[in-house]
file structure-v6.csv (CSV, C-alpha atoms)
chain,number,residue,atom,x,y,z
A,1,MET,CA,44.7,-19.2,-53.2
A,2,LYS,CA,42.8,-20.1,-50.2
A,3,ASP,CA,39.3,-20.2,-51.7
A,4,LEU,CA,39.3,-21.3,-55.3
A,5,ILE,CA,35.6,-20.7,-55.9
A,6,GLY,CA,35.7,-17.3,-54.2
A,7,ASN,CA,38.7,-16.4,-56.2
A,8,LEU,CA,37.1,-17.4,-59.5
A,9,ALA,CA,33.9,-15.6,-58.6
A,10,GLU,CA,35.9,-12.5,-57.8
A,11,GLU,CA,37.7,-12.7,-61.1
A,12,LEU,CA,34.4,-13.0,-62.9
A,13,THR,CA,33.0,-9.9,-61.3
A,14,ARG,CA,35.5,-8.0,-63.4
A,15,LEU,CA,33.2,-8.6,-66.3
A,16,PRO,CA,30.3,-6.2,-67.0
A,17,GLY,CA,26.9,-7.1,-65.8
A,18,ILE,CA,28.3,-9.9,-63.6
A,19,GLY,CA,27.6,-9.2,-60.0
A,20,ARG,CA,28.6,-11.1,-56.9
A,21,LYS,CA,25.8,-13.5,-56.9
A,22,THR,CA,25.9,-14.3,-60.6
A,23,ALA,CA,29.7,-14.7,-60.4
A,24,GLN,CA,29.3,-17.2,-57.5
A,25,ARG,CA,26.7,-19.2,-59.5
A,26,LEU,CA,29.0,-19.2,-62.6
A,27,ALA,CA,32.0,-20.3,-60.5
A,28,TYR,CA,30.1,-23.3,-59.2
A,29,PHE,CA,28.8,-24.1,-62.6
A,30,ILE,CA,32.4,-24.0,-64.0
A,31,LEU,CA,33.5,-26.3,-61.1
A,32,ALA,CA,30.9,-28.9,-62.2
A,33,MET,CA,31.7,-28.5,-66.0
A,34,PRO,CA,33.7,-31.1,-67.9
A,35,GLU,CA,37.3,-30.1,-67.5
A,36,GLU,CA,37.9,-29.9,-71.2
A,37,GLU,CA,35.0,-27.3,-71.6
A,38,ALA,CA,36.3,-25.2,-68.8
A,39,ARG,CA,39.8,-25.2,-70.3
A,40,SER,CA,38.4,-24.3,-73.6
A,41,ILE,CA,36.8,-21.2,-72.2
A,42,ALA,CA,40.1,-20.2,-70.5
A,43,ARG,CA,42.0,-20.8,-73.7
A,44,ALA,CA,39.6,-18.7,-75.7
A,45,ILE,CA,40.1,-15.8,-73.3
A,46,VAL,CA,43.9,-16.1,-73.5
A,47,ASP,CA,43.7,-16.5,-77.3
A,48,VAL,CA,41.8,-13.3,-77.7
A,49,LYS,CA,44.4,-11.4,-75.7
A,50,GLU,CA,47.3,-13.0,-77.4
A,51,LYS,CA,46.2,-13.2,-81.0
A,52,ALA,CA,43.7,-10.4,-81.6
A,53,ARG,CA,44.7,-7.7,-84.0
A,54,PHE,CA,43.0,-5.3,-86.3
A,55,CYS,CA,42.3,-6.2,-89.9
A,56,PRO,CA,44.6,-3.9,-91.9
A,57,VAL,CA,41.8,-3.3,-94.4
A,58,CYS,CA,38.6,-2.7,-92.4
A,59,PHE,CA,40.0,-2.6,-88.7
A,60,ASN,CA,37.7,-5.3,-87.6
A,61,VAL,CA,39.2,-7.6,-84.9
A,62,THR,CA,40.7,-10.8,-86.2
A,63,GLY,CA,43.2,-13.5,-85.4
A,64,GLU,CA,44.3,-13.8,-89.1
A,65,GLU,CA,46.0,-11.6,-91.6
A,66,LEU,CA,42.7,-10.4,-92.9
A,67,CYS,CA,39.4,-10.5,-91.1
A,68,SER,CA,36.9,-13.2,-92.2
A,69,ILE,CA,34.7,-10.6,-94.0
A,70,CYS,CA,37.5,-9.0,-96.0
A,71,ASN,CA,38.6,-12.5,-96.8
A,72,ASP,CA,35.2,-13.5,-98.1
A,73,GLY,CA,35.1,-13.1,-101.8
A,74,ALA,CA,31.4,-13.5,-101.9
A,75,ARG,CA,30.8,-10.2,-100.0
A,76,GLU,CA,29.8,-7.3,-102.2
A,77,GLN,CA,32.6,-4.9,-103.1
A,78,GLU,CA,30.2,-2.1,-103.9
A,79,ARG,CA,28.9,-1.4,-100.4
A,80,LEU,CA,30.8,-0.3,-97.4
A,81,CYS,CA,29.2,0.0,-94.0
A,82,VAL,CA,31.0,2.4,-91.6
A,83,VAL,CA,30.7,1.6,-87.9
A,84,GLU,CA,32.4,3.0,-84.8
A,85,GLU,CA,33.5,-0.3,-83.2
A,86,PRO,CA,34.3,-3.8,-84.2
A,87,SER,CA,31.5,-5.1,-82.0
A,88,ASN,CA,28.9,-3.2,-84.1
A,89,ILE,CA,29.7,-5.5,-87.0
A,90,ALA,CA,28.3,-8.5,-85.2
A,91,VAL,CA,25.0,-6.6,-84.6
A,92,ILE,CA,24.6,-5.7,-88.2
A,93,GLU,CA,25.6,-9.2,-89.4
A,94,ARG,CA,22.8,-10.7,-87.2
A,95,THR,CA,20.2,-8.9,-89.3
A,96,GLY,CA,21.3,-11.1,-92.2
A,97,LEU,CA,20.3,-8.2,-94.4
A,98,TYR,CA,23.8,-6.8,-95.3
A,99,ARG,CA,26.1,-8.5,-97.8
A,100,GLY,CA,28.7,-5.7,-98.3
A,101,ARG,CA,31.9,-5.0,-96.4
A,102,TYR,CA,32.7,-2.9,-93.4
A,103,HIS,CA,35.0,-0.1,-92.3
A,104,VAL,CA,35.6,0.4,-88.5
A,105,LEU,CA,36.5,3.9,-87.4
A,106,LEU,CA,37.6,2.7,-84.0
A,107,GLY,CA,35.7,5.6,-82.4
A,108,SER,CA,33.7,8.6,-83.2
A,109,LEU,CA,34.6,12.3,-83.5
A,110,SER,CA,34.7,14.3,-80.3
A,111,PRO,CA,37.1,17.2,-80.6
A,112,MET,CA,36.5,18.3,-77.0
A,113,ASP,CA,37.9,14.9,-75.8
A,114,GLY,CA,40.8,15.1,-78.3
A,115,VAL,CA,39.2,12.7,-80.7
A,116,THR,CA,40.0,14.5,-83.9
A,117,PRO,CA,39.6,13.0,-87.4
A,118,GLU,CA,43.3,11.9,-87.5
A,119,ARG,CA,42.6,9.7,-84.4
A,120,LEU,CA,40.0,7.7,-86.3
A,121,LYS,CA,40.4,5.5,-89.4
A,122,LEU,CA,38.9,8.2,-91.6
A,123,ARG,CA,42.0,8.6,-93.9
A,124,GLU,CA,41.9,4.9,-94.5
A,125,LEU,CA,38.2,5.1,-95.4
A,126,LYS,CA,38.9,7.8,-97.9
A,127,GLU,CA,41.7,5.7,-99.4
A,128,ARG,CA,39.4,2.7,-99.7
A,129,VAL,CA,36.8,4.7,-101.5
A,130,GLU,CA,39.5,6.1,-103.8
A,131,ASN,CA,41.0,2.8,-104.6
A,132,SER,CA,38.1,0.5,-104.9
A,133,ALA,CA,34.8,-0.2,-106.5
A,134,VAL,CA,32.8,1.2,-103.6
A,135,LYS,CA,29.5,2.8,-104.8
A,136,GLU,CA,27.7,3.3,-101.5
A,137,VAL,CA,29.0,4.2,-98.1
A,138,ILE,CA,26.4,3.4,-95.4
A,139,VAL,CA,27.2,5.4,-92.3
A,140,ALA,CA,26.1,3.3,-89.3
A,141,THR,CA,27.7,5.4,-86.5
A,142,ASN,CA,25.6,5.8,-83.4
A,143,PRO,CA,22.5,7.9,-83.4
A,144,ASN,CA,24.0,10.4,-80.9
A,145,THR,CA,25.9,13.7,-81.1
A,146,ARG,CA,29.3,12.2,-81.7
A,147,GLY,CA,27.9,9.7,-84.3
A,148,GLU,CA,26.1,12.4,-86.1
A,149,MET,CA,29.1,14.7,-86.2
A,150,THR,CA,31.1,11.8,-87.5
A,151,ALA,CA,28.5,11.0,-90.2
A,152,ARG,CA,28.5,14.6,-91.4
A,153,TYR,CA,32.3,14.6,-91.5
A,154,ILE,CA,32.3,11.5,-93.7
A,155,LYS,CA,29.7,13.0,-95.9
A,156,GLU,CA,31.9,16.1,-96.5
A,157,MET,CA,35.1,14.1,-96.8
A,158,LEU,CA,33.6,11.9,-99.5
A,159,ALA,CA,31.9,14.7,-101.4
A,160,PRO,CA,34.6,14.8,-104.1
A,161,TYR,CA,34.1,11.1,-104.9
A,162,ARG,CA,31.4,9.5,-107.1
A,163,VAL,CA,30.1,7.6,-104.1
A,164,LYS,CA,26.6,7.7,-102.5
A,165,VAL,CA,26.8,8.3,-98.8
A,166,THR,CA,23.7,7.1,-96.9
A,167,ARG,CA,22.8,7.1,-93.2
A,168,ILE,CA,20.9,4.3,-91.4
A,169,ALA,CA,17.3,5.3,-90.6
A,170,TYR,CA,16.0,6.7,-87.3
A,171,GLY,CA,12.7,5.6,-86.1
A,172,LEU,CA,10.7,3.7,-83.5
A,173,PRO,CA,12.2,0.5,-82.3
A,174,MET,CA,10.2,-2.6,-83.5
A,175,GLY,CA,8.0,-3.9,-80.8
A,176,GLY,CA,8.0,-0.6,-79.1
A,177,ASP,CA,5.0,1.5,-78.1
A,178,ILE,CA,4.4,5.1,-79.5
A,179,GLU,CA,3.2,6.0,-76.0
A,180,TYR,CA,6.7,5.5,-74.7
A,181,ALA,CA,8.8,6.9,-77.5
A,182,ASP,CA,10.8,9.9,-76.8
A,183,GLU,CA,9.8,13.0,-78.8
A,184,VAL,CA,13.1,13.2,-80.7
A,185,THR,CA,12.9,9.6,-81.9
A,186,LEU,CA,9.2,10.1,-82.8
A,187,GLY,CA,10.0,13.3,-84.7
A,188,LYS,CA,12.7,11.4,-86.6
A,189,ALA,CA,10.2,8.6,-87.3
A,190,LEU,CA,7.8,11.1,-88.7
A,191,GLU,CA,10.4,12.7,-90.9
A,192,GLY,CA,11.5,9.4,-92.2
A,193,ARG,CA,8.0,8.1,-93.0
A,194,ARG,CA,7.7,6.0,-96.1
A,195,GLU,CA,4.8,5.3,-98.3
A,196,LEU,CA,3.1,2.0,-97.6
A,197,SER,CA,3.1,-0.3,-100.6
B,1,MET,CA,40.4,-20.4,-85.1
B,2,LYS,CA,39.2,-18.0,-87.7
B,3,ASP,CA,37.2,-15.7,-85.6
B,4,LEU,CA,38.7,-15.2,-82.1
B,5,ILE,CA,35.9,-13.0,-80.8
B,6,GLY,CA,33.2,-15.4,-82.2
B,7,ASN,CA,35.1,-18.3,-80.7
B,8,LEU,CA,35.3,-16.7,-77.3
B,9,ALA,CA,31.7,-15.7,-77.4
B,10,GLU,CA,30.7,-19.2,-78.3
B,11,GLU,CA,32.7,-20.6,-75.4
B,12,LEU,CA,31.0,-18.1,-73.0
B,13,THR,CA,27.5,-19.2,-74.0
B,14,ARG,CA,28.3,-22.5,-72.3
B,15,LEU,CA,27.8,-20.7,-69.1
B,16,PRO,CA,24.3,-20.5,-67.7
B,17,GLY,CA,22.4,-17.3,-68.2
B,18,ILE,CA,24.8,-16.1,-70.9
B,19,GLY,CA,23.1,-15.8,-74.2
B,20,ARG,CA,24.6,-15.0,-77.6
B,21,LYS,CA,24.4,-11.2,-77.2
B,22,THR,CA,25.8,-11.1,-73.7
B,23,ALA,CA,28.5,-13.4,-74.8
B,24,GLN,CA,29.5,-11.2,-77.6
B,25,ARG,CA,29.5,-8.2,-75.4
B,26,LEU,CA,31.7,-10.0,-72.8
B,27,ALA,CA,34.0,-11.1,-75.5
B,28,TYR,CA,34.6,-7.5,-76.7
B,29,PHE,CA,35.0,-6.4,-73.1
B,30,ILE,CA,37.7,-9.1,-72.6
B,31,LEU,CA,39.4,-8.0,-75.7
B,32,ALA,CA,39.7,-4.5,-74.3
B,33,MET,CA,40.7,-5.6,-70.8
B,34,PRO,CA,44.3,-5.3,-69.5
B,35,GLU,CA,46.0,-8.6,-70.6
B,36,GLU,CA,46.9,-9.4,-67.0
B,37,GLU,CA,43.3,-9.2,-65.9
B,38,ALA,CA,42.1,-11.4,-68.7
B,39,ARG,CA,44.8,-14.0,-67.9
B,40,SER,CA,43.9,-13.9,-64.3
B,41,ILE,CA,40.3,-14.9,-65.1
B,42,ALA,CA,41.5,-17.7,-67.4
B,43,ARG,CA,43.9,-18.9,-64.6
B,44,ALA,CA,41.1,-18.9,-62.0
B,45,ILE,CA,39.0,-21.1,-64.3
B,46,VAL,CA,41.8,-23.6,-64.8
B,47,ASP,CA,42.7,-23.5,-61.1
B,48,VAL,CA,39.2,-24.4,-60.1
B,49,LYS,CA,39.2,-27.4,-62.4
B,50,GLU,CA,42.7,-28.5,-61.4
B,51,LYS,CA,42.8,-27.9,-57.7
B,52,ALA,CA,39.3,-28.1,-56.4
B,53,ARG,CA,38.5,-31.0,-54.1
B,54,PHE,CA,36.0,-31.7,-51.3
B,55,CYS,CA,37.0,-30.8,-47.8
B,56,PRO,CA,37.3,-34.2,-46.1
B,57,VAL,CA,35.4,-32.9,-43.0
B,58,CYS,CA,32.4,-31.0,-44.4
B,59,PHE,CA,32.5,-31.6,-48.2
B,60,ASN,CA,32.7,-28.0,-49.0
B,61,VAL,CA,34.8,-27.2,-52.1
B,62,THR,CA,38.4,-26.1,-51.4
B,63,GLY,CA,41.8,-25.9,-52.9
B,64,GLU,CA,43.5,-26.8,-49.5
B,65,GLU,CA,43.7,-29.8,-47.2
B,66,LEU,CA,40.7,-28.4,-45.2
B,67,CYS,CA,38.2,-25.8,-46.3
B,68,SER,CA,38.6,-22.3,-44.9
B,69,ILE,CA,35.6,-22.7,-42.6
B,70,CYS,CA,36.8,-26.0,-41.1
B,71,ASN,CA,40.2,-24.4,-40.8
B,72,ASP,CA,38.9,-21.4,-38.9
B,73,GLY,CA,39.2,-22.0,-35.1
B,74,ALA,CA,36.9,-19.1,-34.4
B,75,ARG,CA,33.9,-20.9,-35.9
B,76,GLU,CA,31.5,-22.4,-33.3
B,77,GLN,CA,31.9,-26.2,-32.8
B,78,GLU,CA,28.4,-26.5,-31.3
B,79,ARG,CA,26.4,-25.8,-34.4
B,80,LEU,CA,26.4,-27.6,-37.7
B,81,CYS,CA,24.4,-26.4,-40.7
B,82,VAL,CA,23.5,-29.1,-43.2
B,83,VAL,CA,23.2,-28.0,-46.8
B,84,GLU,CA,22.7,-29.8,-50.1
B,85,GLU,CA,25.4,-28.2,-52.1
B,86,PRO,CA,28.7,-26.3,-51.5
B,87,SER,CA,27.2,-23.3,-53.2
B,88,ASN,CA,24.6,-23.0,-50.5
B,89,ILE,CA,27.3,-22.2,-48.0
B,90,ALA,CA,28.1,-18.9,-49.7
B,91,VAL,CA,24.4,-17.9,-49.5
B,92,ILE,CA,24.2,-18.5,-45.8
B,93,GLU,CA,27.6,-16.9,-45.2
B,94,ARG,CA,26.3,-13.7,-46.8
B,95,THR,CA,23.6,-13.3,-44.2
B,96,GLY,CA,26.5,-12.8,-41.7
B,97,LEU,CA,24.2,-14.4,-39.0
B,98,TYR,CA,25.8,-17.8,-38.8
B,99,ARG,CA,29.1,-18.5,-37.0
B,100,GLY,CA,28.9,-22.3,-36.8
B,101,ARG,CA,30.2,-25.0,-39.2
B,102,TYR,CA,28.7,-26.7,-42.2
B,103,HIS,CA,28.1,-30.2,-43.5
B,104,VAL,CA,27.4,-30.6,-47.2
B,105,LEU,CA,25.4,-33.6,-48.3
B,106,LEU,CA,26.3,-33.3,-52.0
B,107,GLY,CA,22.7,-33.7,-53.0
B,108,SER,CA,19.3,-34.6,-51.5
B,109,LEU,CA,17.4,-37.8,-51.2
B,110,SER,CA,15.5,-39.0,-54.2
B,111,PRO,CA,15.1,-42.8,-54.2
B,112,MET,CA,13.3,-42.8,-57.5
B,113,ASP,CA,16.3,-41.3,-59.1
B,114,GLY,CA,18.6,-43.6,-57.3
B,115,VAL,CA,19.8,-41.1,-54.8
B,116,THR,CA,19.6,-43.2,-51.7
B,117,PRO,CA,21.1,-42.3,-48.3
B,118,GLU,CA,24.4,-44.0,-49.1
B,119,ARG,CA,24.9,-41.7,-52.1
B,120,LEU,CA,24.9,-38.6,-49.8
B,121,LYS,CA,27.3,-37.6,-47.1
B,122,LEU,CA,24.8,-38.8,-44.4
B,123,ARG,CA,27.0,-41.4,-42.7
B,124,GLU,CA,29.7,-38.8,-42.5
B,125,LEU,CA,27.2,-36.4,-40.8
B,126,LYS,CA,26.3,-39.1,-38.3
B,127,GLU,CA,30.0,-39.7,-37.5
B,128,ARG,CA,30.6,-36.0,-37.0
B,129,VAL,CA,27.7,-35.8,-34.6
B,130,GLU,CA,29.0,-38.9,-32.7
B,131,ASN,CA,32.6,-37.7,-32.5
B,132,SER,CA,32.3,-34.0,-31.8
B,133,ALA,CA,30.8,-31.3,-29.6
B,134,VAL,CA,27.9,-30.6,-31.9
B,135,LYS,CA,24.8,-29.6,-30.0
B,136,GLU,CA,22.5,-28.4,-32.8
B,137,VAL,CA,22.2,-29.6,-36.4
B,138,ILE,CA,20.4,-27.0,-38.5
B,139,VAL,CA,18.9,-28.6,-41.6
B,140,ALA,CA,19.1,-26.1,-44.4
B,141,THR,CA,18.1,-28.4,-47.3
B,142,ASN,CA,15.9,-26.9,-49.9
B,143,PRO,CA,12.2,-26.2,-49.2
B,144,ASN,CA,11.0,-28.8,-51.7
B,145,THR,CA,10.0,-32.5,-51.6
B,146,ARG,CA,13.5,-33.8,-51.8
B,147,GLY,CA,14.9,-31.4,-49.3
B,148,GLU,CA,12.0,-32.2,-46.9
B,149,MET,CA,12.5,-35.9,-47.2
B,150,THR,CA,16.2,-35.4,-46.6
B,151,ALA,CA,15.4,-33.3,-43.5
B,152,ARG,CA,13.1,-35.9,-42.1
B,153,TYR,CA,15.7,-38.6,-42.7
B,154,ILE,CA,18.3,-36.6,-40.8
B,155,LYS,CA,15.9,-36.0,-38.0
B,156,GLU,CA,15.4,-39.8,-37.6
B,157,MET,CA,19.0,-40.7,-38.2
B,158,LEU,CA,20.1,-38.4,-35.4
B,159,ALA,CA,17.3,-39.3,-33.0
B,160,PRO,CA,19.6,-41.6,-30.9
B,161,TYR,CA,22.0,-38.7,-30.2
B,162,ARG,CA,21.8,-35.8,-27.7
B,163,VAL,CA,21.6,-33.2,-30.4
B,164,LYS,CA,18.9,-30.8,-31.3
B,165,VAL,CA,17.8,-31.0,-35.0
B,166,THR,CA,16.2,-27.8,-36.3
B,167,ARG,CA,14.9,-26.8,-39.7
B,168,ILE,CA,15.2,-23.3,-41.2
B,169,ALA,CA,11.9,-21.4,-41.2
B,170,TYR,CA,9.5,-21.2,-44.0
B,171,GLY,CA,7.7,-17.9,-44.6
B,172,LEU,CA,7.2,-15.0,-46.8
B,173,PRO,CA,10.2,-13.6,-48.5
B,174,MET,CA,11.3,-10.2,-47.2
B,175,GLY,CA,10.2,-7.4,-49.4
B,176,GLY,CA,7.5,-9.6,-50.9
B,177,ASP,CA,3.7,-8.9,-51.0
B,178,ILE,CA,1.2,-11.2,-49.4
B,179,GLU,CA,-1.0,-10.6,-52.4
B,180,TYR,CA,1.5,-12.6,-54.5
B,181,ALA,CA,2.5,-15.3,-52.1
B,182,ASP,CA,1.5,-18.8,-53.0
B,183,GLU,CA,-0.8,-20.5,-50.6
B,184,VAL,CA,1.6,-23.1,-49.4
B,185,THR,CA,4.2,-20.5,-48.4
B,186,LEU,CA,1.5,-18.4,-46.8
B,187,GLY,CA,0.2,-21.4,-44.9
B,188,LYS,CA,3.8,-22.1,-43.7
B,189,ALA,CA,4.2,-18.5,-42.7
B,190,LEU,CA,1.0,-18.7,-40.7
B,191,GLU,CA,2.1,-21.9,-39.0
B,192,GLY,CA,5.4,-20.5,-38.2
B,193,ARG,CA,4.1,-17.2,-36.7
B,194,ARG,CA,6.0,-15.8,-33.7
B,195,GLU,CA,4.9,-13.5,-31.0
B,196,LEU,CA,5.9,-9.9,-31.5
B,197,SER,CA,8.0,-8.6,-28.7
call {"tool": "encode", "arguments": {"input": "structure-v6.csv", "output": "structure tokens"}}
result
Amino acid sequence: MKDLIGNLAEELTRLPGIGRKTAQRLAYFILAMPEEEARSIARAIVDVKEKARFCPVCFNVTGEELCSICNDGAREQERLCVVEEPSNIAVIERTGLYRGRYHVLLGSLSPMDGVTPERLKLRELKERVENSAVKEVIVATNPNTRGEMTARYIKEMLAPYRVKVTRIAYGLPMGGDIEYADEVTLGKALEGRRELS
Amino acid sequence: MKDLIGNLAEELTRLPGIGRKTAQRLAYFILAMPEEEARSIARAIVDVKEKARFCPVCFNVTGEELCSICNDGAREQERLCVVEEPSNIAVIERTGLYRGRYHVLLGSLSPMDGVTPERLKLRELKERVENSAVKEVIVATNPNTRGEMTARYIKEMLAPYRVKVTRIAYGLPMGGDIEYADEVTLGKALEGRRELS
């Protein structure tokens, strides 16, 4: 441990998007931080590794028995939003537009890579639909080949049940420019056009 | 500690340049990291806070009695590079062009803010010049009002000694474009012109 700052900087470069210069800058910033704040960051890192587990209902990450969303009685029981990863939940939550619950698949189908339906939390999704008041399953898997395949699989898997299966819309990103849109997205945006009201 | 990931993300936003989204992304990355690596980051943070101190010779940050540069017998004794902050040392070291030693002032003069010469490591600089084989003091304080004032102060302070006091050059940043240079920098670049050889 000859060079504390150099060591911390090197550790920080393990993180994505943090290069050598940024790491160095962060290391000096941490050096100058109140000790309690620095310890608090370190503790949060260790806590995540020590206490994180999957919510047994929706497979979100949590430090409790149930995740905070499953535990929240105010969330709608009728809607289930299916996502690939726990991190996707935060993105959807930030829209502030969704008040239902979630189901995390922990991946997306890719038979060529050995990710078959049994490897994902698909059986658990079916069981939730069977045993609950869910009326709509919103499939929010990624808009790519794997996410699409997974969405179609879910659609078929849930066909026997009285549940609406919807897919989040494709289209142009807000603030974007048609000039720079790729043709596939633009085609999807055309297909998905809605009447102005 | 309801939401481990949310808590870690919030802790990480204390760091400069890390917004909410980046923090969330980092938190999930840490969650997926090998436990030993995550612990290693946490440990490096705590180590910096617990063990960091100033090198009693040059005021660089170190975890040892002397900093690694002062401890390195291969570094030139004749040249001393004066910088404002310990973090500046890493920047100069990265050039690979300097083999001398350093002296960190731990700030720059700003009498209006109460940063008078006694608040900086200026007396210690004078003592090093008095009591060592230093032949050149390279002043690498920032190219701004405070750094300039500090440079001039050092020049006067060391006038009685047989030591050359130099200032790092001003000029156009490499890879830049004259078109976008501000006139002060461009003026300095003109002033500092050198004969092509």
call {"tool": "interface_residues", "arguments": {"input": "structure-v6.csv", "of": "chain B", "to": "chain A", "cutoff": "7 Å", "atoms": "all atoms listed in the file", "output": "NGL selection string"}}
result
:B and (2-5 or 7-8 or 11-12 or 15 or 26 or 28 or 31 or 35 or 38-39 or 41-42 or 44-46 or 48-49 or 52 or 62-64 or 87)
call {"tool": "write_last_selection", "arguments": {"input": "structure-v6.csv", "atoms": "C-alpha atoms", "output": "PDB file, keeping the file's coordinate frame"}}
result
ATOM      1  CA  LYS B   2      39.200 -18.000 -87.700  1.00  0.00           C
ATOM      2  CA  ASP B   3      37.200 -15.700 -85.600  1.00  0.00           C
ATOM      3  CA  LEU B   4      38.700 -15.200 -82.100  1.00  0.00           C
ATOM      4  CA  ILE B   5      35.900 -13.000 -80.800  1.00  0.00           C
ATOM      5  CA  ASN B   7      35.100 -18.300 -80.700  1.00  0.00           C
ATOM      6  CA  LEU B   8      35.300 -16.700 -77.300  1.00  0.00           C
ATOM      7  CA  GLU B  11      32.700 -20.600 -75.400  1.00  0.00           C
ATOM      8  CA  LEU B  12      31.000 -18.100 -73.000  1.00  0.00           C
ATOM      9  CA  LEU B  15      27.800 -20.700 -69.100  1.00  0.00           C
ATOM     10  CA  LEU B  26      31.700 -10.000 -72.800  1.00  0.00           C
ATOM     11  CA  TYR B  28      34.600  -7.500 -76.700  1.00  0.00           C
ATOM     12  CA  LEU B  31      39.400  -8.000 -75.700  1.00  0.00           C
ATOM     13  CA  GLU B  35      46.000  -8.600 -70.600  1.00  0.00           C
ATOM     14  CA  ALA B  38      42.100 -11.400 -68.700  1.00  0.00           C
ATOM     15  CA  ARG B  39      44.800 -14.000 -67.900  1.00  0.00           C
ATOM     16  CA  ILE B  41      40.300 -14.900 -65.100  1.00  0.00           C
ATOM     17  CA  ALA B  42      41.500 -17.700 -67.400  1.00  0.00           C
ATOM     18  CA  ALA B  44      41.100 -18.900 -62.000  1.00  0.00           C
ATOM     19  CA  ILE B  45      39.000 -21.100 -64.300  1.00  0.00           C
ATOM     20  CA  VAL B  46      41.800 -23.600 -64.800  1.00  0.00           C
ATOM     21  CA  VAL B  48      39.200 -24.400 -60.100  1.00  0.00           C
ATOM     22  CA  LYS B  49      39.200 -27.400 -62.400  1.00  0.00           C
ATOM     23  CA  ALA B  52      39.300 -28.100 -56.400  1.00  0.00           C
ATOM     24  CA  THR B  62      38.400 -26.100 -51.400  1.00  0.00           C
ATOM     25  CA  GLY B  63      41.800 -25.900 -52.900  1.00  0.00           C
ATOM     26  CA  GLU B  64      43.500 -26.800 -49.500  1.00  0.00           C
ATOM     27  CA  SER B  87      27.200 -23.300 -53.200  1.00  0.00           C
TER      28      SER B  87
END
call {"tool": "atom_distance", "arguments": {"input": "structure-v6.csv", "atom1": "CA of Lys135 (chain A)", "atom2": "CA of Glu78 (chain A)"}}
result
5.0 Å
call {"tool": "closest_residue", "arguments": {"input": "structure-v6.csv", "among": "B:Val139, B:Cys70, B:Tyr170, B:Val104", "to": "Leu158 (chain B)", "atoms": "all atoms listed in the file"}}
result
B:Val139
call {"tool": "residues_near_point", "arguments": {"input": "structure-v6.csv", "point": "(8.2, -20.7, -43.1)", "cutoff": "10 Å", "atoms": "all atoms listed in the file", "output": "list in words"}}
result
Pro143, Arg167, Ile168, Ala169, Tyr170, Gly171, Leu172, Pro173, Val184, Thr185, Leu186, Gly187, Lys188, Ala189, Leu190, Glu191, Gly192 and Arg193 of chain B
call {"tool": "closest_residue", "arguments": {"input": "structure-v6.csv", "among": "B:Cys81, B:Ala140, B:Ala74, B:Leu106", "to": "Asn60 (chain B)", "atoms": "all atoms listed in the file"}}
result
B:Leu106
call {"tool": "atom_distance", "arguments": {"input": "structure-v6.csv", "atom1": "CA of Ile69 (chain B)", "atom2": "CA of Tyr102 (chain B)"}}
result
8.0 Å
call {"tool": "residues_near_point", "arguments": {"input": "structure-v6.csv", "point": "(31.7, -23.6, -28.6)", "cutoff": "10 Å", "atoms": "all atoms listed in the file", "output": "PDB file with C-alpha atoms, in the coordinates of the input"}}
result
ATOM      1  CA  ALA B  74      36.900 -19.100 -34.400  1.00  0.00           C
ATOM      2  CA  ARG B  75      33.900 -20.900 -35.900  1.00  0.00           C
ATOM      3  CA  GLU B  76      31.500 -22.400 -33.300  1.00  0.00           C
ATOM      4  CA  GLN B  77      31.900 -26.200 -32.800  1.00  0.00           C
ATOM      5  CA  GLU B  78      28.400 -26.500 -31.300  1.00  0.00           C
ATOM      6  CA  ARG B  79      26.400 -25.800 -34.400  1.00  0.00           C
ATOM      7  CA  GLY B 100      28.900 -22.300 -36.800  1.00  0.00           C
ATOM      8  CA  ALA B 133      30.800 -31.300 -29.600  1.00  0.00           C
ATOM      9  CA  VAL B 134      27.900 -30.600 -31.900  1.00  0.00           C
ATOM     10  CA  LYS B 135      24.800 -29.600 -30.000  1.00  0.00           C
TER      11      LYS B 135
END
call {"tool": "atom_distance", "arguments": {"input": "structure-v6.csv", "atom1": "CA of Cys58 (chain B)", "atom2": "CA of Asn88 (chain B)"}}
result
12.7 Å
call {"tool": "axis_aligned_box", "arguments": {"input": "structure-v6.csv", "around": "region 112-124 of chain B", "padding_each_side": "4 Å", "output": "lines of an AutoDock Vina configuration file"}}
result
center_x = 21.5
center_y = -40.8
center_z = -50.8
size_x = 24.4
size_y = 14.4
size_z = 24.6
call {"tool": "closest_residue", "arguments": {"input": "structure-v6.csv", "among": "A:Val163, A:Thr150, A:Glu93, A:Glu84", "to": "Arg128 (chain A)", "atoms": "only C-alpha atoms"}}
result
A:Val163
call {"tool": "residues_around", "arguments": {"input": "structure-v6.csv", "residues": "Met157 (chain A)", "least_positions_apart": "6", "cutoff": "10 Å", "atoms": "all atoms listed in the file", "output": "compact mmCIF listing (two decimals) with C-alpha atoms, in the frame of the given file"}}
result
# COMPACT_ATOMS: atom_id res chain seq x y z
CA LEU A 122 38.90 8.20 -91.60
CA ARG A 123 42.00 8.60 -93.90
CA LEU A 125 38.20 5.10 -95.40
CA LYS A 126 38.90 7.80 -97.90
CA ALA A 151 28.50 11.00 -90.20
call {"tool": "closest_residue", "arguments": {"input": "structure-v6.csv", "among": "A:Lys155, A:Tyr161, A:Val57, A:Gly73", "to": "Lys121 (chain A)", "atoms": "only C-alpha atoms"}}
result
A:Val57
